[in-house]
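Engineer: Please find structure.cif (mmCIF, C-alpha atoms and all ligand atoms) on the next line:
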data_protein
loop_
_atom_site.label_atom_id
_atom_site.label_comp_id
_atom_site.auth_asym_id
_atom_site.auth_seq_id
_atom_site.Cartn_x
_atom_site.Cartn_y
_atom_site.Cartn_z
CA MET E 15 12.54 -16.76 -4.84
CA LYS E 16 10.59 -19.45 -6.67
CA SER E 17 6.83 -19.26 -7.25
CA SER E 18 6.10 -21.96 -4.67
CA ASP E 19 8.02 -20.04 -1.97
CA LEU E 20 6.48 -16.72 -2.95
CA PHE E 21 3.00 -18.21 -2.74
CA ALA E 22 3.68 -19.78 0.65
CA ARG E 23 4.63 -16.32 1.96
CA ALA E 24 1.80 -14.59 0.09
CA LYS E 25 -0.75 -16.76 1.87
CA THR E 26 0.42 -15.31 5.18
CA LEU E 27 0.03 -11.74 3.90
CA MET E 28 -3.03 -11.81 1.65
CA PRO E 29 -6.21 -13.91 1.82
CA GLY E 30 -5.68 -16.91 -0.41
CA GLY E 31 -2.32 -15.41 -1.32
CA VAL E 32 -3.72 -13.37 -4.21
CA SER E 33 -5.27 -10.03 -5.15
CA SER E 34 -8.11 -11.63 -7.17
CA PRO E 35 -9.48 -15.16 -6.68
CA VAL E 36 -9.04 -16.68 -10.15
CA ARG E 37 -5.28 -16.22 -9.85
CA ALA E 38 -4.99 -18.79 -7.06
CA ILE E 39 -4.06 -21.66 -9.38
CA LYS E 40 -3.56 -24.96 -7.57
CA PRO E 41 -1.24 -26.04 -6.06
CA TYR E 42 0.36 -22.61 -6.50
CA PRO E 43 0.29 -20.00 -9.26
CA PHE E 44 3.39 -19.10 -11.21
CA TYR E 45 4.72 -15.63 -10.50
CA THR E 46 5.49 -13.41 -13.46
CA GLU E 47 8.81 -11.65 -13.72
CA ARG E 48 8.13 -9.70 -16.91
CA ALA E 49 6.14 -9.76 -20.11
CA ALA E 50 6.66 -8.59 -23.67
CA GLY E 51 4.62 -9.13 -26.81
CA SER E 52 2.85 -12.49 -26.58
CA HIS E 53 5.14 -13.93 -23.91
CA LEU E 54 5.32 -14.07 -20.12
CA ALA E 55 8.54 -14.89 -18.29
CA THR E 56 8.05 -16.49 -14.90
CA VAL E 57 10.29 -16.15 -11.86
CA ASP E 58 10.96 -19.88 -12.24
CA GLY E 59 12.59 -19.31 -15.61
CA ALA E 60 9.72 -20.51 -17.83
CA ASP E 61 8.81 -18.68 -21.00
CA LEU E 62 5.10 -18.95 -21.81
CA ILE E 63 2.90 -17.92 -24.72
CA ASP E 64 0.18 -15.89 -23.03
CA CYS E 65 -3.44 -16.51 -24.03
CA CYS E 66 -4.78 -14.85 -20.89
CA LEU E 67 -3.44 -11.35 -21.61
CA GLY E 68 -4.46 -9.91 -18.27
CA TYR E 69 -7.96 -11.36 -18.86
CA GLY E 70 -8.46 -9.44 -22.05
CA PRO E 71 -7.22 -5.84 -22.03
CA LEU E 72 -3.98 -6.47 -23.92
CA ILE E 73 -5.25 -6.84 -27.48
CA LEU E 74 -1.91 -5.49 -28.73
CA GLY E 75 0.09 -7.75 -26.42
CA HIS E 76 2.36 -6.89 -23.51
CA ALA E 77 4.45 -3.73 -23.39
CA HIS E 78 3.52 -2.64 -26.91
CA PRO E 79 5.95 0.14 -27.89
CA ASP E 80 3.24 2.65 -28.91
CA ILE E 81 1.35 2.17 -25.66
CA ARG E 82 4.49 2.27 -23.56
CA GLU E 83 5.53 5.49 -25.23
CA ALA E 84 2.09 7.04 -24.59
CA ILE E 85 2.27 6.05 -20.91
CA GLU E 86 5.85 7.30 -20.54
CA ARG E 87 4.97 10.62 -22.16
CA GLN E 88 2.12 10.98 -19.71
CA LEU E 89 4.23 10.00 -16.69
CA GLU E 90 6.63 12.84 -17.46
CA LYS E 91 3.70 15.21 -17.06
CA GLY E 92 2.38 13.64 -13.86
CA TRP E 93 -0.20 10.91 -13.41
CA LEU E 94 -2.97 12.27 -11.22
CA TYR E 95 -4.41 15.78 -11.24
CA GLY E 96 -7.88 15.71 -9.72
CA THR E 97 -8.87 18.08 -12.52
CA PRO E 98 -10.23 17.48 -16.00
CA THR E 99 -7.65 16.72 -18.71
CA PRO E 100 -7.78 17.11 -22.51
CA LEU E 101 -7.15 13.35 -22.70
CA GLU E 102 -10.68 12.68 -21.48
CA LEU E 103 -12.03 14.42 -24.55
CA ASP E 104 -9.76 12.39 -26.82
CA LEU E 105 -10.88 9.02 -25.48
CA ALA E 106 -14.53 10.02 -25.06
CA GLY E 107 -14.46 11.34 -28.62
CA VAL E 108 -13.26 8.01 -30.03
CA ILE E 109 -15.66 5.89 -27.98
CA THR E 110 -18.70 7.98 -28.86
CA ALA E 111 -17.72 8.10 -32.54
CA ASP E 112 -17.30 4.31 -32.65
CA HIS E 113 -20.58 3.47 -30.88
CA PRO E 114 -23.78 4.88 -32.39
CA ALA E 115 -25.65 4.23 -29.11
CA VAL E 116 -23.15 6.15 -27.00
CA ASP E 117 -23.63 9.94 -27.02
CA MET E 118 -21.78 10.56 -23.76
CA VAL E 119 -19.47 8.63 -21.44
CA ARG E 120 -18.34 8.78 -17.83
CA PHE E 121 -14.93 7.32 -17.04
CA VAL E 122 -14.41 5.18 -13.94
CA SER E 123 -11.60 2.87 -12.82
CA SER E 124 -12.92 -0.66 -13.43
CA GLY E 125 -15.59 -2.61 -15.23
CA SER E 126 -17.28 -3.33 -11.90
CA GLU E 127 -17.64 0.36 -11.20
CA ALA E 128 -19.04 0.88 -14.68
CA THR E 129 -21.81 -1.71 -14.33
CA MET E 130 -22.59 -0.59 -10.77
CA ALA E 131 -23.09 2.99 -11.94
CA ALA E 132 -24.99 1.99 -15.09
CA ILE E 133 -27.45 0.01 -12.98
CA ARG E 134 -27.91 2.93 -10.58
CA LEU E 135 -28.43 5.23 -13.54
CA ALA E 136 -31.01 2.89 -15.07
CA ARG E 137 -32.90 2.86 -11.77
CA GLY E 138 -32.66 6.63 -11.50
CA TYR E 139 -33.90 7.16 -15.04
CA THR E 140 -36.77 4.66 -15.02
CA GLU E 141 -37.67 5.11 -11.33
CA LYS E 142 -38.05 1.33 -11.21
CA GLN E 143 -36.20 -1.04 -8.89
CA ASP E 144 -35.50 -4.48 -10.33
CA ILE E 145 -32.85 -5.52 -12.79
CA ILE E 146 -32.62 -8.66 -14.88
CA LYS E 147 -29.34 -10.35 -15.64
CA VAL E 148 -28.46 -13.53 -17.47
CA GLU E 149 -27.67 -16.71 -15.56
CA GLY E 150 -23.92 -17.08 -15.52
CA GLY E 151 -23.45 -13.51 -16.70
CA PHE E 152 -20.63 -11.70 -14.90
CA HIS E 153 -20.64 -7.95 -14.46
CA GLY E 154 -18.07 -7.48 -11.72
CA ALA E 155 -17.88 -8.02 -8.00
CA HIS E 156 -20.53 -5.64 -6.63
CA ASP E 157 -23.59 -6.72 -4.70
CA ALA E 158 -26.43 -6.32 -7.20
CA VAL E 159 -24.81 -8.63 -9.76
CA LEU E 160 -23.28 -11.19 -7.40
CA VAL E 161 -26.20 -13.48 -7.65
CA LYS E 162 -25.86 -17.19 -7.88
CA ALA E 163 -26.34 -18.05 -11.50
CA GLY E 164 -28.05 -21.29 -12.31
CA SER E 165 -31.04 -20.79 -10.08
CA GLY E 166 -34.41 -20.95 -11.76
CA ALA E 167 -35.01 -18.33 -14.39
CA THR E 168 -37.68 -16.49 -12.52
CA THR E 169 -36.79 -17.28 -8.94
CA LEU E 170 -35.60 -14.53 -6.66
CA GLY E 171 -31.87 -14.02 -6.54
CA VAL E 172 -29.71 -15.82 -4.01
CA PRO E 173 -26.45 -14.08 -3.08
CA ASP E 174 -23.36 -15.68 -4.54
CA SER E 175 -21.19 -14.40 -1.72
CA ALA E 176 -21.43 -14.19 2.03
CA GLY E 177 -22.04 -10.63 3.09
CA VAL E 178 -24.46 -9.70 0.31
CA LEU E 179 -27.88 -8.64 1.54
CA VAL E 180 -30.64 -11.01 0.49
CA ASP E 181 -32.99 -8.02 0.37
CA LEU E 182 -30.76 -6.31 -2.13
CA VAL E 183 -30.36 -9.19 -4.53
CA ALA E 184 -34.07 -9.88 -4.33
CA HIS E 185 -34.18 -7.05 -6.87
CA THR E 186 -31.95 -9.00 -9.25
CA ARG E 187 -33.84 -11.45 -11.47
CA GLN E 188 -32.32 -13.87 -13.92
CA VAL E 189 -33.10 -15.41 -17.27
CA PRO E 190 -31.18 -17.94 -19.34
CA TYR E 191 -29.05 -16.60 -22.18
CA ASN E 192 -30.38 -17.12 -25.71
CA ASP E 193 -33.94 -17.33 -24.43
CA PRO E 194 -35.90 -14.23 -25.43
CA GLY E 195 -39.15 -15.96 -24.41
CA ALA E 196 -38.01 -16.21 -20.78
CA LEU E 197 -37.21 -12.49 -20.78
CA GLU E 198 -40.59 -11.61 -22.21
CA THR E 199 -42.40 -13.84 -19.71
CA LEU E 200 -40.56 -12.23 -16.82
CA LEU E 201 -41.28 -8.72 -18.06
CA ALA E 202 -44.94 -9.53 -18.63
CA GLU E 203 -45.36 -10.36 -14.95
CA ASN E 204 -43.10 -7.68 -13.44
CA ASP E 205 -43.60 -4.00 -14.17
CA ASP E 206 -40.85 -2.83 -11.81
CA VAL E 207 -37.84 -3.69 -14.00
CA ALA E 208 -35.39 -0.87 -14.68
CA ALA E 209 -32.93 -2.69 -16.92
CA PHE E 210 -31.80 -5.90 -18.56
CA ILE E 211 -28.01 -6.18 -18.38
CA LEU E 212 -26.15 -8.74 -20.43
CA GLU E 213 -22.83 -9.58 -21.99
CA PRO E 214 -23.67 -9.65 -25.71
CA VAL E 215 -21.24 -12.55 -26.08
CA MET E 216 -20.88 -14.35 -22.77
CA GLY E 217 -17.20 -14.03 -21.99
CA ASN E 218 -17.02 -15.13 -18.39
CA ILE E 219 -18.27 -18.64 -19.03
CA GLY E 220 -17.46 -18.68 -22.69
CA PRO E 221 -17.38 -17.50 -25.30
CA VAL E 222 -21.02 -18.48 -25.53
CA LEU E 223 -22.38 -16.90 -28.70
CA PRO E 224 -25.75 -15.29 -29.24
CA ASP E 225 -28.16 -17.22 -31.45
CA ASP E 226 -29.09 -15.45 -34.66
CA GLY E 227 -31.53 -12.69 -33.78
CA TYR E 228 -31.21 -13.05 -30.01
CA LEU E 229 -29.77 -9.60 -29.43
CA THR E 230 -32.24 -7.87 -31.73
CA ASP E 231 -35.06 -9.79 -30.02
CA VAL E 232 -33.98 -8.61 -26.56
CA ARG E 233 -33.71 -5.08 -27.91
CA GLU E 234 -37.30 -5.21 -29.16
CA ILE E 235 -38.64 -6.85 -26.02
CA THR E 236 -36.95 -4.43 -23.61
CA ALA E 237 -38.12 -1.45 -25.68
CA ALA E 238 -41.69 -2.77 -25.68
CA TYR E 239 -41.67 -2.96 -21.86
CA ASP E 240 -39.87 0.39 -21.30
CA VAL E 241 -36.91 -1.42 -19.81
CA LEU E 242 -33.39 -0.15 -20.49
CA LEU E 243 -31.02 -2.48 -22.30
CA ILE E 244 -27.48 -2.35 -20.88
CA LEU E 245 -24.88 -4.08 -23.03
CA ASP E 246 -21.90 -5.00 -20.91
CA GLU E 247 -19.08 -4.62 -23.42
CA VAL E 248 -16.26 -4.85 -20.87
CA ILE E 249 -14.89 -7.87 -22.75
CA THR E 250 -16.41 -7.38 -26.21
CA GLY E 251 -15.61 -3.66 -26.52
CA TYR E 252 -12.89 -3.28 -29.21
CA ARG E 253 -12.35 -7.05 -28.89
CA VAL E 254 -14.90 -8.32 -31.41
CA GLY E 255 -14.16 -5.27 -33.57
CA ILE E 256 -14.28 -1.49 -33.51
CA GLY E 257 -17.70 -0.60 -32.14
CA GLY E 258 -17.85 -3.87 -30.19
CA ALA E 259 -20.91 -6.11 -30.19
CA GLU E 260 -23.17 -3.11 -30.72
CA VAL E 261 -21.82 -2.64 -34.24
CA LEU E 262 -21.08 -6.32 -34.96
CA TYR E 263 -24.64 -7.40 -34.20
CA GLY E 264 -26.38 -4.13 -35.07
CA VAL E 265 -28.08 -3.75 -31.70
CA LYS E 266 -28.47 -0.34 -30.09
CA PRO E 267 -28.49 -0.46 -26.30
CA ASP E 268 -29.69 2.38 -24.06
CA LEU E 269 -26.51 2.12 -22.00
CA ALA E 270 -23.22 0.32 -22.52
CA THR E 271 -20.35 -0.46 -20.17
CA PHE E 272 -16.69 -0.70 -21.06
CA GLY E 273 -13.35 -1.55 -19.46
CA LYS E 274 -10.30 -3.67 -20.28
CA ILE E 275 -9.11 -2.70 -23.82
CA ILE E 276 -10.13 0.98 -23.54
CA GLY E 277 -7.44 1.38 -20.86
CA GLY E 278 -4.68 -0.32 -22.86
CA GLY E 279 -3.81 -2.49 -19.84
CA LEU E 280 -4.07 0.15 -17.12
CA PRO E 281 -7.10 0.28 -14.81
CA ILE E 282 -10.20 1.77 -16.40
CA GLY E 283 -13.92 1.45 -16.88
CA ALA E 284 -16.54 3.58 -18.57
CA PHE E 285 -20.25 3.68 -19.10
CA GLY E 286 -22.17 5.59 -21.69
CA GLY E 287 -25.35 5.83 -23.66
CA ARG E 288 -28.15 8.08 -24.73
CA ARG E 289 -27.64 11.72 -23.87
CA GLU E 290 -30.99 12.18 -22.11
CA ILE E 291 -30.13 9.25 -19.78
CA MET E 292 -26.47 10.15 -19.24
CA GLU E 293 -27.36 13.71 -18.32
CA LEU E 294 -28.93 12.38 -15.14
CA ILE E 295 -25.40 11.65 -13.84
CA ALA E 296 -24.00 14.09 -11.25
CA PRO E 297 -23.20 16.93 -11.52
CA ALA E 298 -25.47 17.27 -14.58
CA GLY E 299 -28.24 15.38 -12.78
CA PRO E 300 -29.31 13.67 -9.55
CA VAL E 301 -27.72 10.18 -9.94
CA TYR E 302 -24.52 10.30 -7.90
CA GLN E 303 -21.28 8.84 -9.18
CA ALA E 304 -17.69 9.85 -8.36
CA GLY E 305 -14.11 8.56 -8.04
CA THR E 306 -10.64 9.82 -7.07
CA PHE E 307 -9.00 7.87 -9.90
CA SER E 308 -11.75 8.34 -12.50
CA GLY E 309 -10.31 9.49 -15.80
CA ASN E 310 -6.80 8.68 -14.64
CA PRO E 311 -4.44 10.33 -17.15
CA ALA E 312 -2.10 7.34 -17.54
CA SER E 313 -5.02 4.97 -18.24
CA LEU E 314 -6.55 7.43 -20.67
CA ALA E 315 -3.24 7.84 -22.51
CA ALA E 316 -2.75 4.07 -22.75
CA GLY E 317 -6.35 3.55 -23.85
CA TYR E 318 -6.29 6.31 -26.43
CA ALA E 319 -3.04 5.00 -27.93
CA THR E 320 -4.56 1.50 -28.10
CA LEU E 321 -7.74 2.62 -29.82
CA ARG E 322 -5.80 4.82 -32.22
CA HIS E 323 -3.59 1.86 -33.11
CA LEU E 324 -6.65 -0.32 -33.73
CA HIS E 325 -8.15 2.36 -35.97
CA GLU E 326 -4.92 2.62 -37.92
CA HIS E 327 -4.57 -1.17 -38.20
CA PRO E 328 -8.08 -2.61 -38.49
CA GLU E 329 -6.55 -5.61 -40.26
CA VAL E 330 -5.59 -6.81 -36.77
CA TYR E 331 -9.13 -8.13 -36.34
CA ARG E 332 -9.02 -10.18 -39.55
CA ARG E 333 -5.65 -11.65 -38.62
CA LEU E 334 -6.85 -12.63 -35.15
CA ASP E 335 -9.97 -14.19 -36.61
CA ASP E 336 -7.85 -16.25 -39.01
CA ALA E 337 -5.63 -17.32 -36.12
CA THR E 338 -8.42 -18.67 -33.92
CA ARG E 339 -9.92 -20.39 -37.00
CA ALA E 340 -6.60 -22.16 -37.55
CA ILE E 341 -6.47 -23.32 -33.92
CA GLY E 342 -10.11 -24.41 -34.17
CA GLU E 343 -9.39 -26.58 -37.21
CA VAL E 344 -6.84 -28.55 -35.24
CA ALA E 345 -9.17 -28.78 -32.25
CA ALA E 346 -12.04 -30.03 -34.44
CA ASP E 347 -9.89 -32.94 -35.62
CA ALA E 348 -9.52 -34.10 -32.03
CA GLY E 349 -13.15 -35.25 -32.07
CA ARG E 350 -13.40 -34.52 -28.38
CA GLY E 351 -15.38 -31.64 -26.93
CA THR E 352 -16.19 -28.60 -28.99
CA PHE E 353 -14.27 -25.50 -30.00
CA VAL E 354 -16.02 -22.13 -29.93
CA ARG E 355 -14.55 -18.88 -31.15
CA ILE E 356 -15.40 -15.37 -32.18
CA GLY E 357 -12.61 -13.16 -33.46
CA SER E 358 -9.80 -13.36 -30.93
CA LEU E 359 -11.92 -15.08 -28.23
CA PHE E 360 -11.75 -18.87 -28.18
CA LYS E 361 -12.28 -21.85 -25.94
CA HIS E 362 -12.45 -25.60 -26.01
CA PHE E 363 -15.44 -26.92 -24.10
CA PHE E 364 -15.39 -30.48 -22.84
CA ARG E 365 -18.96 -31.11 -23.97
CA ASP E 366 -20.18 -32.48 -27.31
CA GLU E 367 -22.20 -29.49 -28.50
CA PRO E 368 -21.37 -25.78 -28.23
CA PRO E 369 -23.03 -24.56 -25.02
CA GLN E 370 -25.97 -22.20 -25.45
CA ASP E 371 -26.30 -21.02 -21.87
CA TYR E 372 -25.11 -21.44 -18.31
CA ARG E 373 -26.92 -24.72 -17.68
CA GLU E 374 -25.24 -26.32 -20.67
CA ILE E 375 -21.88 -24.89 -19.66
CA LYS E 376 -22.23 -26.62 -16.31
CA GLU E 377 -22.33 -29.96 -18.12
CA CYS E 378 -18.72 -29.56 -19.24
CA ASP E 379 -16.21 -32.11 -17.96
CA THR E 380 -14.06 -29.86 -15.77
CA GLU E 381 -11.68 -32.71 -14.86
CA ALA E 382 -10.89 -33.18 -18.55
CA PHE E 383 -10.42 -29.43 -18.84
CA SER E 384 -7.96 -29.40 -15.93
CA ARG E 385 -5.86 -32.14 -17.53
CA PHE E 386 -5.91 -30.26 -20.83
CA TRP E 387 -5.00 -26.97 -19.15
CA LYS E 388 -2.05 -28.54 -17.35
CA GLY E 389 -0.88 -30.19 -20.59
CA MET E 390 -1.02 -26.83 -22.35
CA LEU E 391 0.99 -25.18 -19.57
CA ASP E 392 3.61 -27.93 -19.79
CA ALA E 393 3.73 -27.24 -23.54
CA GLY E 394 4.46 -23.59 -22.78
CA ILE E 395 0.99 -22.11 -23.31
CA PHE E 396 -0.74 -20.16 -20.55
CA LEU E 397 -4.53 -20.35 -20.82
CA PRO E 398 -6.90 -18.85 -18.25
CA PRO E 399 -7.08 -21.59 -15.62
CA SER E 400 -10.79 -22.35 -15.77
CA GLN E 401 -13.20 -24.06 -18.14
CA PHE E 402 -15.35 -21.00 -17.58
CA GLU E 403 -13.04 -18.19 -18.71
CA THR E 404 -12.47 -17.31 -22.34
CA ASN E 405 -9.01 -17.45 -23.95
CA PHE E 406 -7.66 -14.41 -25.77
CA LEU E 407 -5.21 -13.76 -28.59
CA SER E 408 -3.37 -10.52 -29.27
CA ALA E 409 -1.91 -8.80 -32.29
CA ALA E 410 1.51 -9.64 -30.83
CA HIS E 411 1.01 -13.39 -31.32
CA THR E 412 3.20 -14.39 -34.25
CA GLU E 413 2.53 -17.06 -36.87
CA GLN E 414 4.96 -19.22 -34.93
CA ASP E 415 3.02 -18.65 -31.68
CA ILE E 416 -0.22 -19.64 -33.41
CA GLU E 417 1.36 -22.79 -34.83
CA GLN E 418 2.73 -23.66 -31.41
CA ILE E 419 -0.68 -23.12 -29.78
CA ALA E 420 -2.41 -25.22 -32.46
CA GLU E 421 0.17 -28.01 -32.13
CA ALA E 422 -0.19 -28.05 -28.35
CA TYR E 423 -3.97 -28.08 -28.71
CA GLY E 424 -3.67 -31.08 -30.97
CA SER E 425 -1.42 -33.07 -28.69
CA CYS E 426 -3.19 -32.13 -25.44
CA LEU E 427 -6.66 -32.88 -26.82
CA PHE E 428 -5.52 -36.23 -28.19
CA ALA E 429 -3.75 -37.07 -24.94
N1 LIG E 501 -18.18 -7.06 -16.94
C1 LIG E 501 -17.61 -8.03 -17.65
C2 LIG E 501 -18.33 -8.56 -18.85
C3 LIG E 501 -16.36 -8.54 -17.28
O1 LIG E 501 -15.81 -9.52 -18.01
C4 LIG E 501 -15.71 -8.01 -16.15
C5 LIG E 501 -14.36 -8.54 -15.70
N2 LIG E 501 -13.95 -9.73 -16.17
C6 LIG E 501 -16.34 -7.00 -15.45
C7 LIG E 501 -17.56 -6.53 -15.86
C8 LIG E 501 -15.68 -6.38 -14.27
O2 LIG E 501 -14.59 -5.64 -14.67
P1 LIG E 501 -13.39 -5.31 -13.64
O3 LIG E 501 -12.73 -6.61 -13.34
O4 LIG E 501 -12.54 -4.33 -14.39
O5 LIG E 501 -14.03 -4.70 -12.45
#
Represent the supplied structure as structure tokens.
Ligand code: PMP

Structural biologist:
Amino acid sequence: MKSSDLFARAKTLMPGGVSSPVRAIKPYPFYTERAAGSHLATVDGADLIDCCLGYGPLILGHAHPDIREAIERQLEKGWLYGTPTPLELDLAGVITADHPAVDMVRFVSSGSEATMAAIRLARGYTEKQDIIKVEGGFHGAHDAVLVKAGSGATTLGVPDSAGVLVDLVAHTRQVPYNDPGALETLLAENDDVAAFILEPVMGNIGPVLPDDGYLTDVREITAAYDVLLILDEVITGYRVGIGGAEVLYGVKPDLATFGKIIGGGLPIGAFGGRREIMELIAPAGPVYQAGTFSGNPASLAAGYATLRHLHEHPEVYRRLDDATRAIGEVAADAGRGTFVRIGSLFKHFFRDEPPQDYREIKECDTEAFSRFWKGMLDAGIFLPPSQFETNFLSAAHTEQDIEQIAEAYGSCLFA
């Protein structure tokens, strides 16, 4: 069956025809038959260079032989035990060794679960109720963080989704990204804030990069007000380098959340941080958190193999950085919009200056983006289908892939 027919049927079986909203590309999404390395093959017979990579987890590309072997080895031994496994120690050992701020971790099954639990833990530890997030910051699809971004910095939260209690999100405050002054002002007038949660590099509207000193400023400000700093490294973890944004920017959060790459492409999440805080998690302490699939052996095996590979081949990061720089040079020549990148994250914004925060992001010309996106797809390049989602590259992208992406960028931006 072709994608258009599959989608027509899917809409009768699943709301919007999809399992997650961003996949509902108009007029219909392409359906994937298989993937290997940097390429996706669609059921319609197209072969696409993939710059979406499952929205980030696949830093080594699709079906990487080392990861597949690790998963297959695990499958032979079973894939769900409901008991502890030695694999948990392997992955926890690597994550804690790579992140100076992370003494202990708890594994969960998604990034959303990780941020939900980290926020609960912050409230349990501080015995305070409010949290602050960044406008436009995305931390998953649970109630406390589903707050309409773009509302005034200090106004009470407004739910971004029907079904979210106004009372609940009233405890979620917002500040603009890259504005330490707004954070300090909010903290000076509110002594009931448990935590400030932020993506160190905004990945869900970006990449939007931190100004020099922004992350160290927010570290100092939160410490001064006894507010926990939660770095949401679900995208940046092992993406901007080993040790994530924590190491890259030299900022030590109280808690950090992970997902995506640490599961090698299988479902995972994790949160971690200072021992004295983490030991409040059940059964060590009174903050409840649990999950049937937590620490799933197949995800742990895939994640451990991925992190081991990255440790053995740290040159991957340099190569990916060079690749996005090369694409950016072509994009810069187009004289239209602005190209932003960090390591293997990149995006072309249809706005003259690199956006600094959510309000500036909203000024982008989304119609121009849609035309560009469609042009790229016609040229055989699959980019995430929104102006507000970052593009990714993987170690599996070849020189030829990069040249093809750069060429397509050139022709689609000039079009
Ligand atoms: N935090 C960030 C920064 C994310 O990018 C995402 C997902 N894109 C999440 C949390 C939620 O992760 P998941 O989709 O695995 O629940």

Engineer: Using all atoms listed in the file, determine which residues fall within 10 Å of ligand LIG 501 (chain E), then list them as a PyMOL selection string.

Structural biologist: chain E and resi 34+68-71+122-130+151-156+159+211-219+245-251+271-274+280-284+403-404

Engineer: Skip E:Val344 itself and residues of its chain fewer than 3 positions away, then list as a ChimeraX atom specification all residues within 10 Å of it, counting all atoms listed in the file.

Structural biologist: /E:339-341,347-349,353,419-425,427

Engineer: Would you list the contacts of E:Pro369 as a list in words, taking every protein, DNA or RNA residue within 10 Å and counting all atoms listed in the file, but skipping same-chain residues closer than 5 positions in sequence?

Structural biologist: Ile219, Gly220, Pro221, Val222, Leu223, Thr352, Val354, Phe363, Phe364, Glu374, Ile375, Lys376, Glu377 and Cys378 of chain E

Engineer: Measuring atom to atom with only C-alpha atoms, identify which of E:Leu314, E:Leu201, E:Leu20, E:Val36 is nearest to E:Thr236.

Structural biologist: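 Closest to E:Thr236, using only C-alpha atoms: E:Leu201.
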
Engineer: Take atom CA of E:Asp371 and atom CA of E:Leu200 and report the distance between them in Å, one decimal.

Structural biologist: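 Straight-line distance from atom CA of E:Asp371 to atom CA of E:Leu200 works out to 17.5 Å.
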
Engineer: Between atom CA of E:Asn192 and atom CA of E:Asp379, what is the distance, to one decimal in Å?

Structural biologist: 22.0 Å

Engineer: From the options E:Asp64, E:Glu141, E:Asp336, E:Glu47, which residue's atoms come nearest to E:Pro399, counting only C-alpha atoms?

Structural biologist: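 Smallest distance to E:Pro399 is found for E:Asp64.
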
Engineer: Using only the atoms of stretch 375-388 of chain E listed in the file, plus 8 Å on each side, state the axis-aligned box centre and edge lengths in Å rounded to one decimal, as lines of an AutoDock Vina configuration file.

Structural biologist:
center_x = -12.2
center_y = -29.0
center_z = -17.8
size_x = 36.3
size_y = 24.3
size_z = 22.0

Engineer: Report, in Å to a single decimal, how far apart atom CA of E:Ala60 and atom CA of E:Tyr45 are.

Structural biologist: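 These atoms are spaced 10.1 Å apart.
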
Engineer: Residues of stretch 65-152 of chain E within 12 Å of stretch 193-196 of chain E: nearest atom pair and distance (Å, one decimal) for each, counting all atoms listed in the file, sorted by chain and number, as CSV?

Structural biologist:
residue,atom,partner,partner_atom,distance
E:Ile146,CA,E:Ala196,CA,11.0
E:Lys147,CA,E:Ala196,CA,11.7
E:Val148,CA,E:Asp193,CA,9.6
E:Glu149,CA,E:Asp193,CA,10.9

Engineer: With C-alpha atoms retained, write the just-selected residues as a PDB file, in the coordinates of the input.

Structural biologist:
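Listing of out-v3.pdb after writing:
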ATOM      1  CA  ILE E 146     -32.620  -8.660 -14.880  1.00  0.00           C
ATOM      2  CA  LYS E 147     -29.340 -10.350 -15.640  1.00  0.00           C
ATOM      3  CA  VAL E 148     -28.460 -13.530 -17.470  1.00  0.00           C
ATOM      4  CA  GLU E 149     -27.670 -16.710 -15.560  1.00  0.00           C
TER       5      GLU E 149
END

Engineer: Measuring between only C-alpha atoms, which one of E:Lys388, E:His53, E:Lys16, E:Arg288 shows the shortest distance to E:His78?

Structural biologist: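 Comparing E:Lys388, E:His53, E:Lys16, E:Arg288 against E:His78, the winner is E:His53.
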
Engineer: For a quick check of understanding, using only C-alpha atoms, which of E:Ala136, E:Ala38, E:Ala270, E:Ile73 has the smallest distance to E:Val207?

Structural biologist: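 The closest residue to E:Val207 is E:Ala136.
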
Engineer: Compare E:His76, E:Arg134, E:Arg289, E:Arg48 by their minimum atom-to-atom distance to E:Met118, counting all atoms listed in the file, and give me the closest one.

Structural biologist: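 Checking each candidate against E:Met118, we get E:Arg289 as the closest.
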
Engineer: Of the residues E:Thr320, E:Phe307, E:Gln143, E:Leu407, which is the one nearest to E:Pro98, using all atoms listed in the file?

Structural biologist: E:Phe307

Engineer: Write out as a ChimeraX atom specification the residues lying within 8 Å of E:Gln88, counting all atoms listed in the file and excluding same-chain residues fewer than 6 positions away.

Structural biologist: /E:311-312,315
